[in-house]
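Just protein-v7.csv here, CSV, C-alpha atoms:
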```
chain,number,residue,atom,x,y,z
A,1,MET,CA,0.0,0.0,0.0
A,2,THR,CA,3.0,2.2,-0.2
A,3,SER,CA,3.0,4.7,-2.9
A,4,ASP,CA,4.9,7.8,-3.3
A,5,LYS,CA,3.8,9.8,-6.3
A,6,GLY,CA,6.1,12.7,-5.5
A,7,PHE,CA,3.5,14.8,-3.7
A,8,HIS,CA,2.1,14.6,-0.2
A,9,LEU,CA,-0.6,16.3,1.7
A,10,ASP,CA,0.6,19.6,3.2
A,11,GLU,CA,-0.4,20.8,6.7
A,12,ASN,CA,-3.5,22.6,5.5
A,13,GLN,CA,-4.7,19.6,3.6
A,14,LEU,CA,-4.1,17.3,6.6
A,15,ILE,CA,-6.1,19.6,8.8
A,16,THR,CA,-8.9,19.7,6.2
A,17,ALA,CA,-8.8,15.9,6.2
A,18,ALA,CA,-9.0,15.9,10.0
A,19,VAL,CA,-12.0,18.2,9.9
A,20,ASP,CA,-13.8,16.5,7.1
A,21,LEU,CA,-12.2,14.0,4.8
A,22,SER,CA,-14.8,14.5,2.1
A,23,ASP,CA,-13.7,18.2,1.8
A,24,LEU,CA,-10.4,17.0,0.3
A,25,PRO,CA,-10.3,16.8,-3.5
A,26,VAL,CA,-10.9,13.3,-4.8
A,27,SER,CA,-7.3,13.0,-6.0
A,28,MET,CA,-6.0,13.8,-2.5
A,29,GLN,CA,-8.4,11.3,-1.0
A,30,GLU,CA,-7.1,8.7,-3.4
A,31,HIS,CA,-3.5,9.6,-2.5
A,32,LEU,CA,-4.3,9.4,1.2
A,33,SER,CA,-5.7,5.9,0.9
A,34,THR,CA,-2.5,4.7,-0.7
A,35,CYS,CA,0.2,6.8,0.9
A,36,ASP,CA,1.6,5.5,4.2
A,37,ARG,CA,3.4,8.7,5.0
A,38,CYS,CA,0.3,11.0,4.7
A,39,MET,CA,-1.9,8.4,6.4
A,40,LYS,CA,0.6,8.3,9.3
A,41,GLU,CA,0.6,12.0,9.6
A,42,LEU,CA,-3.2,12.2,9.6
A,43,SER,CA,-3.6,9.5,12.1
A,44,SER,CA,-1.0,11.1,14.3
A,45,LEU,CA,-3.1,14.3,14.3
A,46,GLU,CA,-6.3,12.4,14.9
A,47,ASN,CA,-4.7,10.4,17.7
A,48,SER,CA,-3.7,13.6,19.4
A,49,LEU,CA,-7.2,14.9,19.1
A,50,ASN,CA,-8.6,11.6,20.4
A,51,GLY,CA,-6.1,11.7,23.2
A,52,LEU,CA,-7.2,15.2,24.1
A,53,GLY,CA,-10.8,14.0,24.4
A,54,GLN,CA,-9.8,10.9,26.4
A,55,LYS,CA,-7.6,12.8,28.7
A,56,ALA,CA,-10.2,15.5,29.3
A,57,GLU,CA,-12.7,12.9,30.2
A,58,GLN,CA,-10.2,11.3,32.7
A,59,ALA,CA,-9.2,14.6,34.1
A,60,ALA,CA,-12.8,15.7,34.8
A,61,PRO,CA,-14.4,14.7,38.0
A,62,LEU,CA,-17.5,12.5,38.0
A,63,PRO,CA,-20.9,14.0,38.9
A,64,VAL,CA,-21.9,13.2,42.4
A,65,LYS,CA,-25.3,14.8,42.9
A,66,ARG,CA,-28.4,13.0,41.6
A,67,ILE,CA,-30.5,15.1,39.3
A,68,ILE,CA,-33.8,15.8,40.9
A,69,ILE,CA,-36.6,17.2,38.8
A,70,PRO,CA,-39.1,19.0,41.0
A,71,PRO,CA,-42.5,17.4,41.0
A,72,GLU,CA,-45.0,18.7,38.6
A,73,GLU,CA,-47.5,21.1,40.1
A,74,THR,CA,-51.1,20.2,39.5
A,75,GLY,CA,-54.5,21.7,40.1
A,76,VAL,CA,-54.6,24.8,42.3
A,77,ARG,CA,-50.8,24.8,42.8
A,78,ALA,CA,-50.2,24.9,39.1
A,79,LEU,CA,-52.8,27.6,38.7
A,80,PHE,CA,-51.2,29.5,41.5
A,81,SER,CA,-47.7,29.3,40.1
A,82,GLU,CA,-48.7,30.0,36.6
A,83,TYR,CA,-51.3,32.7,36.9
A,84,ILE,CA,-52.1,33.8,40.5
A,85,ARG,CA,-48.5,34.4,41.6
A,86,PRO,CA,-47.5,36.6,38.7
A,87,ALA,CA,-50.8,38.5,39.0
A,88,PHE,CA,-50.1,39.1,42.7
A,89,SER,CA,-46.6,40.2,41.9
A,90,LEU,CA,-47.9,42.6,39.3
A,91,ALA,CA,-50.5,44.0,41.7
A,92,ALA,CA,-48.0,44.5,44.4
A,93,THR,CA,-45.7,46.3,42.1
A,94,VAL,CA,-48.5,48.6,40.9
A,95,MET,CA,-49.5,49.3,44.6
A,96,ILE,CA,-46.0,50.2,45.6
A,97,LEU,CA,-45.8,52.6,42.6
A,98,VAL,CA,-49.1,54.2,43.4
A,99,PHE,CA,-48.2,54.5,47.1
A,100,ALA,CA,-44.8,56.0,46.2
A,101,LEU,CA,-46.4,58.6,43.9
A,102,TRP,CA,-49.1,59.5,46.5
A,103,TRP,CA,-46.5,59.8,49.2
A,104,VAL,CA,-44.6,62.5,47.4
A,105,PRO,CA,-44.1,65.4,50.1
A,106,GLU,CA,-46.0,68.7,49.8
A,107,PRO,CA,-44.3,71.5,47.8
A,108,GLU,CA,-44.0,73.7,50.9
A,109,THR,CA,-41.9,71.2,52.7
A,110,LEU,CA,-39.6,70.8,49.8
A,111,PRO,CA,-36.2,72.4,50.3
A,112,GLU,CA,-35.9,75.7,48.4
A,113,THR,CA,-33.5,76.2,45.7
A,114,PRO,CA,-31.2,79.3,45.9
A,115,SER,CA,-33.2,81.1,43.1
A,116,ASP,CA,-36.5,80.4,45.0
A,117,THR,CA,-35.0,81.9,48.2
A,118,LEU,CA,-33.8,85.0,46.3
A,119,ALA,CA,-37.3,85.6,44.8
A,120,HIS,CA,-38.9,85.2,48.1
A,121,GLU,CA,-36.6,87.8,49.8
A,122,MET,CA,-37.1,90.3,46.9
A,123,ILE,CA,-40.9,90.1,47.5
A,124,GLU,CA,-40.4,90.7,51.2
A,125,GLU,CA,-38.1,93.8,50.5
A,126,ASP,CA,-40.5,95.5,48.1
A,127,PRO,CA,-42.2,97.9,50.6
A,128,LEU,CA,-38.8,98.9,52.0
A,129,MET,CA,-37.4,99.6,48.6
A,130,ALA,CA,-40.5,101.8,47.8
A,131,GLU,CA,-39.8,103.8,50.9
A,132,VAL,CA,-36.2,104.2,50.0
A,133,SER,CA,-37.0,105.5,46.5
A,134,SER,CA,-39.6,108.0,47.9
A,135,ILE,CA,-36.9,109.4,50.4
A,136,LEU,CA,-34.5,109.7,47.5
A,137,GLU,CA,-37.0,111.8,45.6
A,138,ASN,CA,-37.7,114.1,48.5
A,139,ALA,CA,-36.0,113.6,51.8
A,140,MET,CA,-38.0,116.4,53.6
A,141,PRO,CA,-40.5,115.3,56.2
A,142,GLU,CA,-44.2,115.9,55.3
A,143,GLU,CA,-44.7,118.8,57.8
A,144,TYR,CA,-41.9,120.8,56.3
A,145,ILE,CA,-43.1,120.0,52.8
A,146,ASP,CA,-46.3,121.8,53.6
A,147,ILE,CA,-44.5,124.9,55.0
A,148,SER,CA,-42.1,125.0,52.1
A,149,GLY,CA,-45.0,125.1,49.7
A,150,SER,CA,-43.7,122.6,47.4
A,151,LEU,CA,-47.1,121.0,47.4
A,152,TYR,CA,-48.7,124.2,45.8
A,153,THR,CA,-48.2,123.7,42.2
A,154,GLY,CA,-51.3,125.4,40.9
A,155,PHE,CA,-49.8,129.0,40.3
A,156,ASP,CA,-49.6,130.0,36.7
A,157,GLU,CA,-46.9,132.0,35.0
A,158,GLU,CA,-48.9,135.3,35.0
A,159,PHE,CA,-49.4,135.1,38.8
A,160,MET,CA,-45.8,134.5,39.4
A,161,GLN,CA,-44.9,137.4,37.1
A,162,PHE,CA,-47.2,139.6,39.2
A,163,VAL,CA,-45.6,138.4,42.5
A,164,VAL,CA,-42.1,138.5,41.3
A,165,PRO,CA,-41.7,140.8,38.2
A,166,VAL,CA,-38.8,140.3,35.9
A,167,ILE,CA,-36.1,142.9,36.3
A,168,ASN,CA,-35.1,144.4,33.1
A,169,ASP,CA,-31.3,144.5,33.1
A,170,GLY,CA,-31.0,145.8,29.5
A,171,PRO,CA,-30.0,149.5,28.4
A,172,VAL,CA,-32.6,152.2,29.1
A,173,SER,CA,-31.7,154.5,26.2
A,174,GLN,CA,-31.7,153.5,22.6
A,175,ASN,CA,-28.4,155.2,22.3
A,176,SER,CA,-26.8,152.8,24.7
A,177,GLY,CA,-23.1,152.4,24.0
A,178,MET,CA,-23.1,155.5,21.9
A,179,LYS,CA,-21.2,158.7,22.6
A,180,GLY,CA,-23.0,161.0,25.1
A,181,ASP,CA,-25.1,158.2,26.5
A,182,LEU,CA,-24.9,158.1,30.3
A,183,SER,CA,-25.2,155.0,32.1
A,184,CYS,CA,-27.0,154.9,35.5
B,1,MET,CA,-13.8,4.9,-2.4
B,2,PRO,CA,-10.9,6.5,-0.6
B,3,ALA,CA,-12.7,7.5,2.5
B,4,GLU,CA,-13.8,4.0,3.1
B,5,LYS,CA,-10.4,2.5,2.5
B,6,TYR,CA,-8.8,4.9,4.9
B,7,LYS,CA,-8.1,2.9,8.1
B,8,PRO,CA,-4.9,3.9,9.7
B,9,ASP,CA,-3.2,1.0,11.5
B,10,SER,CA,-2.3,3.2,14.5
B,11,CYS,CA,-5.9,3.4,15.5
B,12,PRO,CA,-7.3,-0.1,15.5
B,13,GLN,CA,-10.6,0.8,17.0
B,14,VAL,CA,-13.8,0.9,15.0
B,15,ARG,CA,-14.0,4.1,13.1
B,16,ARG,CA,-17.3,5.5,12.1
B,17,TYR,CA,-18.1,8.4,9.8
B,18,ASP,CA,-20.9,10.8,10.3
B,19,ARG,CA,-23.1,12.1,7.6
B,20,ALA,CA,-20.5,14.7,6.7
B,21,GLY,CA,-18.0,11.9,6.3
B,22,ILE,CA,-15.8,12.6,9.2
B,23,LEU,CA,-14.6,10.4,12.0
B,24,ASN,CA,-17.4,10.3,14.4
B,25,SER,CA,-16.0,8.5,17.3
B,26,HIS,CA,-12.9,8.6,19.4
B,27,LYS,CA,-11.2,5.8,21.1
B,28,LYS,CA,-12.5,6.7,24.5
B,29,SER,CA,-16.0,7.2,23.3
B,30,HIS,CA,-16.1,3.6,22.5
B,31,SER,CA,-15.4,2.7,26.0
B,32,ARG,CA,-18.3,4.9,27.1
B,33,LYS,CA,-21.7,3.4,27.3
B,34,LYS,CA,-23.0,3.9,23.8
B,35,THR,CA,-26.5,5.1,23.7
B,36,ASP,CA,-28.9,3.3,21.4
B,37,VAL,CA,-30.3,6.0,19.2
B,38,SER,CA,-33.7,4.5,18.7
B,39,ASN,CA,-33.9,3.8,22.4
B,40,VAL,CA,-33.2,7.5,23.1
B,41,ASP,CA,-35.8,8.5,20.5
B,42,SER,CA,-38.5,6.4,22.2
B,43,LEU,CA,-37.5,7.7,25.6
B,44,VAL,CA,-37.8,11.2,24.4
B,45,THR,CA,-41.2,10.5,22.9
B,46,ARG,CA,-42.4,8.9,26.1
B,47,ALA,CA,-40.9,11.7,28.3
B,48,ARG,CA,-42.6,14.3,26.1
B,49,ASP,CA,-45.9,12.5,26.8
B,50,GLY,CA,-45.3,13.1,30.5
B,51,ASN,CA,-43.5,9.9,31.5
B,52,ARG,CA,-41.2,10.8,34.3
B,53,ILE,CA,-39.5,7.4,34.3
B,54,ALA,CA,-38.5,7.9,30.7
B,55,PHE,CA,-37.1,11.3,31.5
B,56,ASP,CA,-35.1,9.8,34.4
B,57,GLN,CA,-33.6,7.3,31.9
B,58,LEU,CA,-32.6,10.2,29.7
B,59,ILE,CA,-31.0,11.9,32.7
B,60,LYS,CA,-29.1,8.7,33.4
B,61,THR,CA,-27.9,8.5,29.8
B,62,PHE,CA,-26.8,12.1,29.4
B,63,GLN,CA,-25.9,13.3,32.9
B,64,ALA,CA,-22.2,12.5,32.6
B,65,ASP,CA,-21.9,14.1,29.1
B,66,ILE,CA,-23.6,17.3,30.2
B,67,TYR,CA,-21.7,17.5,33.4
B,68,ARG,CA,-18.4,17.2,31.6
B,69,MET,CA,-19.4,19.7,29.0
B,70,VAL,CA,-20.2,22.2,31.8
B,71,TYR,CA,-17.0,21.3,33.7
B,72,TYR,CA,-14.8,21.8,30.6
B,73,ARG,CA,-16.1,25.3,30.4
B,74,THR,CA,-16.4,26.3,34.1
B,75,ARG,CA,-13.6,24.2,35.6
B,76,SER,CA,-15.6,24.0,38.8
B,77,ALA,CA,-17.1,20.8,39.9
B,78,ILE,CA,-19.6,22.5,42.2
B,79,ASP,CA,-20.9,24.8,39.5
B,80,ALA,CA,-21.0,22.0,37.1
B,81,GLU,CA,-23.2,20.0,39.4
B,82,ASP,CA,-25.6,22.9,39.9
B,83,LEU,CA,-25.7,23.9,36.2
B,84,THR,CA,-26.3,20.3,35.1
B,85,GLN,CA,-29.3,20.2,37.4
B,86,GLU,CA,-30.6,23.4,36.0
B,87,ILE,CA,-30.1,22.2,32.4
B,88,PHE,CA,-32.1,19.1,33.0
B,89,ILE,CA,-34.9,21.0,34.7
B,90,LYS,CA,-35.0,23.4,31.8
B,91,ALA,CA,-35.0,20.5,29.3
B,92,TYR,CA,-37.9,18.8,31.2
B,93,LYS,CA,-39.9,22.0,31.2
B,94,ASN,CA,-39.3,22.6,27.5
B,95,LEU,CA,-39.4,19.1,26.2
B,96,SER,CA,-42.8,19.7,24.5
B,97,GLY,CA,-41.1,22.2,22.3
B,98,LEU,CA,-38.7,19.6,20.8
B,99,LYS,CA,-40.1,18.6,17.4
B,100,ASP,CA,-37.5,16.0,16.3
B,101,GLU,CA,-36.7,13.3,18.8
B,102,SER,CA,-33.5,12.4,16.9
B,103,ARG,CA,-32.1,15.8,17.7
B,104,PHE,CA,-32.5,15.5,21.4
B,105,ARG,CA,-28.7,15.3,22.1
B,106,ALA,CA,-27.9,18.5,20.2
B,107,TRP,CA,-31.0,20.2,21.7
B,108,LEU,CA,-29.8,19.2,25.2
B,109,PHE,CA,-26.3,20.5,24.5
B,110,ARG,CA,-27.8,23.7,23.2
B,111,ILE,CA,-29.6,24.3,26.4
B,112,GLY,CA,-26.4,23.4,28.2
B,113,VAL,CA,-24.2,25.8,26.2
B,114,ASN,CA,-26.7,28.6,26.7
B,115,GLN,CA,-26.9,27.9,30.4
B,116,VAL,CA,-23.1,28.1,30.7
B,117,TYR,CA,-23.2,31.5,28.8
B,118,ASP,CA,-25.8,32.7,31.3
B,119,TYR,CA,-23.5,31.5,34.2
B,120,PHE,CA,-20.6,33.6,32.8
B,121,ARG,CA,-22.9,36.6,32.2
B,122,LYS,CA,-24.0,36.5,35.8
B,123,LYS,CA,-20.5,36.0,37.0
B,124,ARG,CA,-19.3,39.1,35.1
B,125,LEU,CA,-22.2,41.1,36.5
B,126,LEU,CA,-21.3,40.0,40.0
B,127,SER,CA,-17.7,40.9,39.4
B,128,VAL,CA,-18.8,44.5,38.7
B,129,PHE,CA,-20.3,44.8,42.1
B,130,ARG,CA,-17.5,42.8,43.8
B,131,PRO,CA,-14.2,44.2,42.3
B,132,PHE,CA,-12.1,41.6,44.2
B,133,TYR,CA,-14.4,38.7,43.3
B,134,SER,CA,-12.2,36.0,41.8
B,135,SER,CA,-13.4,35.0,38.3
B,136,SER,CA,-10.2,33.4,37.1
B,137,SER,CA,-11.9,30.0,36.6
B,138,GLU,CA,-13.3,31.3,33.3
B,139,ASP,CA,-9.9,31.5,31.9
B,140,GLY,CA,-9.1,28.0,33.0
B,141,GLU,CA,-6.5,29.0,35.5
B,142,SER,CA,-8.1,27.8,38.7
B,143,PHE,CA,-9.3,24.4,39.6
B,144,ASP,CA,-11.4,23.1,42.4
B,145,THR,CA,-9.6,19.8,42.4
B,146,ILE,CA,-7.2,20.7,45.1
B,147,PRO,CA,-4.3,18.3,45.3
B,148,HIS,CA,-4.3,17.5,49.0
B,149,LYS,CA,-8.0,16.7,48.9
B,150,GLU,CA,-7.4,13.7,46.7
B,151,PRO,CA,-5.7,10.5,47.5
B,152,ASP,CA,-3.3,10.5,44.6
B,153,ALA,CA,-1.5,13.8,44.6
B,154,LEU,CA,0.6,13.0,41.6
B,155,GLU,CA,-2.5,12.2,39.5
B,156,THR,CA,-4.1,15.4,40.6
B,157,LEU,CA,-0.9,17.3,39.6
B,158,MET,CA,-0.9,15.7,36.2
B,159,LYS,CA,-4.6,16.6,35.7
B,160,GLN,CA,-3.8,20.1,36.7
B,161,GLU,CA,-0.9,20.3,34.3
B,162,PHE,CA,-3.2,19.0,31.5
B,163,TRP,CA,-5.9,21.6,32.2
B,164,GLU,CA,-3.2,24.3,32.3
B,165,HIS,CA,-2.1,23.2,28.8
B,166,VAL,CA,-5.7,23.1,27.6
B,167,GLY,CA,-6.3,26.5,29.1
B,168,THR,CA,-3.3,27.9,27.2
B,169,LEU,CA,-4.6,26.5,24.0
B,170,LEU,CA,-8.2,27.8,24.6
B,171,LYS,CA,-6.9,31.2,25.3
B,172,LYS,CA,-5.5,31.4,21.8
B,173,LEU,CA,-8.8,30.5,20.2
B,174,SER,CA,-11.6,33.0,19.5
B,175,HIS,CA,-14.9,32.4,21.2
B,176,MET,CA,-16.4,30.5,18.3
B,177,GLU,CA,-13.3,28.5,17.6
B,178,LYS,CA,-13.1,27.5,21.2
B,179,GLU,CA,-16.8,26.5,21.3
B,180,VAL,CA,-16.6,24.5,18.1
B,181,PHE,CA,-13.3,22.8,19.2
B,182,LEU,CA,-14.7,21.8,22.6
B,183,LEU,CA,-17.9,20.5,21.2
B,184,ARG,CA,-16.2,18.5,18.5
B,185,PHE,CA,-13.1,17.0,20.3
B,186,MET,CA,-14.0,17.1,23.9
B,187,ASP,CA,-17.8,16.7,23.9
B,188,HIS,CA,-17.6,14.3,20.9
B,189,LEU,CA,-20.4,15.9,18.9
B,190,SER,CA,-20.6,15.5,15.2
B,191,ILE,CA,-20.4,18.5,12.9
B,192,ARG,CA,-24.1,18.1,12.2
B,193,GLU,CA,-24.9,18.2,15.9
B,194,ILE,CA,-22.6,21.2,16.4
B,195,THR,CA,-24.6,23.1,13.7
B,196,GLY,CA,-27.7,22.4,15.7
B,197,VAL,CA,-26.2,23.4,19.0
B,198,LEU,CA,-24.7,26.7,17.7
B,199,LYS,CA,-27.3,27.4,15.0
B,200,LYS,CA,-24.5,28.0,12.5
B,201,SER,CA,-24.1,26.6,9.0
B,202,GLU,CA,-21.9,23.5,8.4
B,203,SER,CA,-19.3,25.5,6.5
B,204,THR,CA,-19.0,28.1,9.3
B,205,VAL,CA,-18.5,25.3,11.8
B,206,LYS,CA,-15.9,23.7,9.6
B,207,THR,CA,-14.1,27.0,9.1
B,208,HIS,CA,-13.8,27.6,12.8
B,209,LEU,CA,-12.8,24.0,13.4
B,210,TYR,CA,-10.1,24.3,10.8
B,211,ARG,CA,-8.7,27.5,12.4
B,212,ALA,CA,-8.8,25.9,15.8
B,213,LEU,CA,-7.0,22.8,14.6
B,214,LYS,CA,-4.2,25.0,13.1
B,215,LYS,CA,-3.7,26.6,16.5
B,216,PHE,CA,-3.9,23.2,18.1
B,217,LYS,CA,-1.1,21.9,15.9
B,218,ASP,CA,1.1,24.8,16.9
B,219,GLU,CA,0.6,24.0,20.6
B,220,GLN,CA,3.7,21.8,20.9
B,221,SER,CA,3.7,21.4,24.7
B,222,LEU,CA,0.1,20.1,24.7
B,223,LEU,CA,0.9,17.8,21.7
B,224,LYS,CA,3.9,16.5,23.5
B,225,LEU,CA,1.9,15.8,26.6
B,226,LEU,CA,-0.8,14.0,24.6
B,227,LYS,CA,1.8,11.9,22.8
B,228,GLU,CA,3.4,10.8,26.1
B,229,ASP,CA,0.1,9.2,27.0
B,230,ILE,CA,-0.7,7.7,23.7
B,231,PRO,CA,0.8,4.2,23.5
```
As a first step, turn the structure in this file into structure tokens.
Amino acid sequence: MTSDKGFHLDENQLITAAVDLSDLPVSMQEHLSTCDRCMKELSSLENSLNGLGQKAEQAAPLPVKRIIIPPEETGVRALFSEYIRPAFSLAATVMILVFALWWVPEPETLPETPSDTLAHEMIEEDPLMAEVSSILENAMPEEYIDISGSLYTGFDEEFMQFVVPVINDGPVSQNSGMKGDLSC
Amino acid sequence: MPAEKYKPDSCPQVRRYDRAGILNSHKKSHSRKKTDVSNVDSLVTRARDGNRIAFDQLIKTFQADIYRMVYYRTRSAIDAEDLTQEIFIKAYKNLSGLKDESRFRAWLFRIGVNQVYDYFRKKRLLSVFRPFYSSSSEDGESFDTIPHKEPDALETLMKQEFWEHVGTLLKKLSHMEKEVFLLRFMDHLSIREITGVLKKSESTVKTHLYRALKKFKDEQSLLKLLKEDIP
């Protein structure tokens, strides 16, 4: 059965043969069936793989525990585990959610943010600020304002002219500034 | 036909080919209790009809396989026990959803693989809350087979050395390569079964397997260790 036709299976072809012999071209398969050298190489690889499987089996511990399949639930128990229990779980979850939403604290008790505090203080300070601006406009107390007459604003221009006539500072003579004109 | 003629003398055991034409069994798998396929099918049918005894039989048949599959990934015997229990409970509850009895094994492994993913997801989530929580077992660095607990310390050390080598190899594989490699060569699933477990096409599975094997061939220390044991 020894034949050496000058070519042998290379490493890739040997691996292909180890994976699936039928994946090799027919000519290679024929060669493999007659070539001792290629056959030896292939069986060496396969023996290593077989050895790996064997050794792994030997090196693995044996199962100790007996597999126990829990008894099948029938009747009410099956109904409970299949429908009632999930329904209860769902209901409980919904209740917890509703309760959590309902139990949200009142807005007053909520801690204020810095911007809220500022707005609140500004509202409180409004009357004070109004007082400050009125003082800035007129710092005189009310009694003195009355005496000073700053409240009487109804006098017209004619009346004021009558009370305090305008003093004419201009030249009396038409020849003012001319030669012979006498100033007072 | 060449594929039929191919019977290397170094492996005298019976060699079977699956539908894809590849070697379906490994030497060790022959020593394991082989499950009669038709028997499994009938057990699945009866279990689906509510027969608890039939399902107990299925547990007996597949418990060791599933346990090992989980152990290879978690490297924790305690977690493997718990996860195996959960996998079978899940399988029992969802058995009515299995249409094809002949695909029970792949279906069971699919549940198992998903359960292991969930386990690692939960572990990662826990590690977020517990920064000092040790999660090194995922990387295959820790073992719960502590030497002094076992009678033969040398054997335990050898096992530990083996898992360390396997861990080194698995670290070099991508997630998909690792999964395909483990399912094929350690869980002894056929390519067809792997396509069912991972919901990937046959060509995708083969591509990942091919890449994983290339990396396996480069792992000289593991190959050397395996050759030492092979007579």
(request) Find the spatial neighbours of Glu57 in chain A, counting only C-alpha atoms, within a cut-off of 10 Å - ignore same-chain residues fewer than 5 positions away - and output them as a list in words. (result)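 Contacts, with the query itself left out: Gly51, Leu52 and Leu62 of chain A; Lys28, Ser29, Ala64, Asp65, Arg68, Met69, Tyr72, Met186 and Asp187 of chain B.
If you look at CA of Ala106 in chain B and CA of Lys217 in chain B, they are 27.4 Å away from each other.
When CA of Arg75 in chain B is paired with CA of Lys178 in chain B, their separation reads 14.8 Å.
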Find the residues of chain A that sit at most 7 Å from chain B; for each, write down the nearest two atoms and how far apart they are in Å, to one decimal. Count all atoms listed in the file. Sort by chain, then by number going up, and give it as a tab-separated table.
```
residue	atom	partner	partner_atom	distance
A:Ile15	CA	B:Tyr210	CA	6.5
A:Thr16	CA	B:Tyr210	CA	6.6
A:Val19	CA	B:Tyr210	CA	6.5
A:Asp20	CA	B:Ile22	CA	4.9
A:Leu21	CA	B:Ile22	CA	5.9
A:Ser22	CA	B:Gly21	CA	5.9
A:Gln29	CA	B:Pro2	CA	5.4
A:Glu30	CA	B:Pro2	CA	5.2
A:Ser33	CA	B:Tyr6	CA	5.2
A:Met39	CA	B:Pro8	CA	6.3
A:Ser43	CA	B:Pro8	CA	6.2
A:Ser48	CA	B:Leu226	CA	6.0
A:Leu49	CA	B:Phe185	CA	6.4
A:Asn50	CA	B:His26	CA	5.3
A:Gly51	CA	B:Leu226	CA	5.9
A:Leu52	CA	B:Leu226	CA	6.5
A:Gly53	CA	B:Met186	CA	4.5
A:Gln54	CA	B:Lys28	CA	5.3
A:Ala56	CA	B:Met186	CA	6.8
A:Ala59	CA	B:Lys159	CA	5.3
A:Ala60	CA	B:Arg68	CA	6.6
A:Pro61	CA	B:Ala77	CA	6.9
A:Pro63	CA	B:Glu81	CA	6.4
A:Lys65	CA	B:Glu81	CA	6.6
A:Ile67	CA	B:Gln85	CA	5.6
A:Ile69	CA	B:Ile89	CA	5.8
```
(message) Report, in Å to a single decimal, how far apart CA of Glu101 in chain B and CA of Asp41 in chain B are.
(response)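 These two atoms are separated by 5.2 Å.
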(message) At a cut-off of 10 Å, using only C-alpha atoms, what residues contact Leu198 in chain B? Leave out same-chain residues fewer than 6 positions from it and give the result as a VMD selection string.
(response) chain B and resid 106 to 107 109 to 110 113 to 114 176 179 to 180 183 205
